[in-house]
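Note sheet for the following structure.
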Amino acid sequence: MKNKRREDLDFDFDVKQEKKPDNIPVSSEYSMEPKTKINKRIRIENLTFDANEDCLVVRRRSGTTKEKTLVALDEIESTQVKKVSKPILLFLAIFFLVVCGVAAYPLYLLLENNLYVALGVAGGGLVLFLIFLIIYLSTRRLSITINFSTSRNIKYYTSHAKLFEEMNNFMDELFHLKHEIFRKR
C-alpha cells in the first residue's frame, strides 16, 4: 500500500461499496405534455400507409426489398382507389351454369331416358362454373393511385379488394389532414 502513488489511491474503489444514485422525485414543472400528433396507419398486404400531420409515408416490402416513399401532403393532387376485376369471367361462370343446367333436361328426354348423359352435362356445367368463379375471385384486385402536382404518380395493386372501404376512408382522412394544413397557413 505504501508503494502506490496518490493518483492510484484516488481511483481505487470497490464497486460493491458504491452507493446507488438517489431517486429524486420529478417536480410538476418538468412534466411532459402529451403528444398532439395525429398518426393514422393502414396496412394492406405488403403496403403500409402512414399519415402524419404533414406527410404520408408509404412503405412497401417484398422478399428482397424494402421501399419507403415520403410524400408531403401539399404535393398530393388527387387519389384514386378502385376495384379492378374482370366481369366477363363472372358472366361466363353464370352462363355455363345456366346453359348446362337448362340443357340437361332436354338431353335426358331426347336420348330416351339416358340419365348419365344428362348428369354429365349438368356436372360439366357445374365444373365450368366453379373454374370461372375461382378465376374471377382470384383476379380481383385493389388499385391505389396517388397523383402529384408534378408529373410522377404512385400506383400500387394489391389483391385485397375487401379493404376497398377502409382504404377509401383513409384517403378521405388524408385529404382532411391536407385541408387542415392549408387552414393553419
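Letters A, B, ... go to the chains of the C-alpha cells in the order shown; residues in each chain start at 1; ligands are counted from 1 in the same order.
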Which residues are near Arg41 (chain A)? Cut-off 10 Å, only C-alpha atoms, ignore same chain within fewer than 5 positions. Put them as a PDB file with C-alpha atoms, in the first residue's frame.
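Contents of part.pdb, as written:
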ATOM      1  CA  THR A  48     -48.264   0.343 -45.236  1.00  0.00           C
ATOM      2  CA  PHE A  49     -49.636   3.880 -45.484  1.00  0.00           C
ATOM      3  CA  ASP A  50     -48.801   6.097 -42.525  1.00  0.00           C
ATOM      4  CA  ALA A  51     -50.294   9.621 -42.425  1.00  0.00           C
ATOM      5  CA  ASN A  52     -48.825  12.178 -40.041  1.00  0.00           C
ATOM      6  CA  LEU A  56     -47.591  10.489 -45.978  1.00  0.00           C
ATOM      7  CA  VAL A  57     -45.129   7.627 -45.628  1.00  0.00           C
ATOM      8  CA  VAL A  58     -45.647   4.706 -48.000  1.00  0.00           C
ATOM      9  CA  PHE A 170     -58.087   6.501 -45.167  1.00  0.00           C
TER      10      PHE A 170
END
Neighbours of region 150-157 of chain A within 12 Å (only C-alpha atoms; same-chain residues fewer than 5 positions away dropped), as a PyMOL selection string?
chain A and resi 44-49+58-60+69-71+74-85+139-145+164
Backbone-only DSSP, alpha helix (DSSP H) members of region 10-171 of chain A, as a ChimeraX atom specification:
/A:10-11,87-110,115-139,164-171
Among listed residues A:Leu115, A:Met167, A:Leu137, A:Leu128, nearest Pro87 (chain A) (using only C-alpha atoms):
A:Leu137
Apply DSSP to the backbone of this structure and, from region 35-148 of chain A, keep only the residues in strand (DSSP E); write these as a PyMOL selection string.
chain A and resi 40-44+47-51+55-61+66-72+76-84+141-148
Of A:Leu174, A:Ile134, A:Val99, A:Ile181, the one sitting nearest Lys40 (chain A) when using only C-alpha atoms is A:Leu174
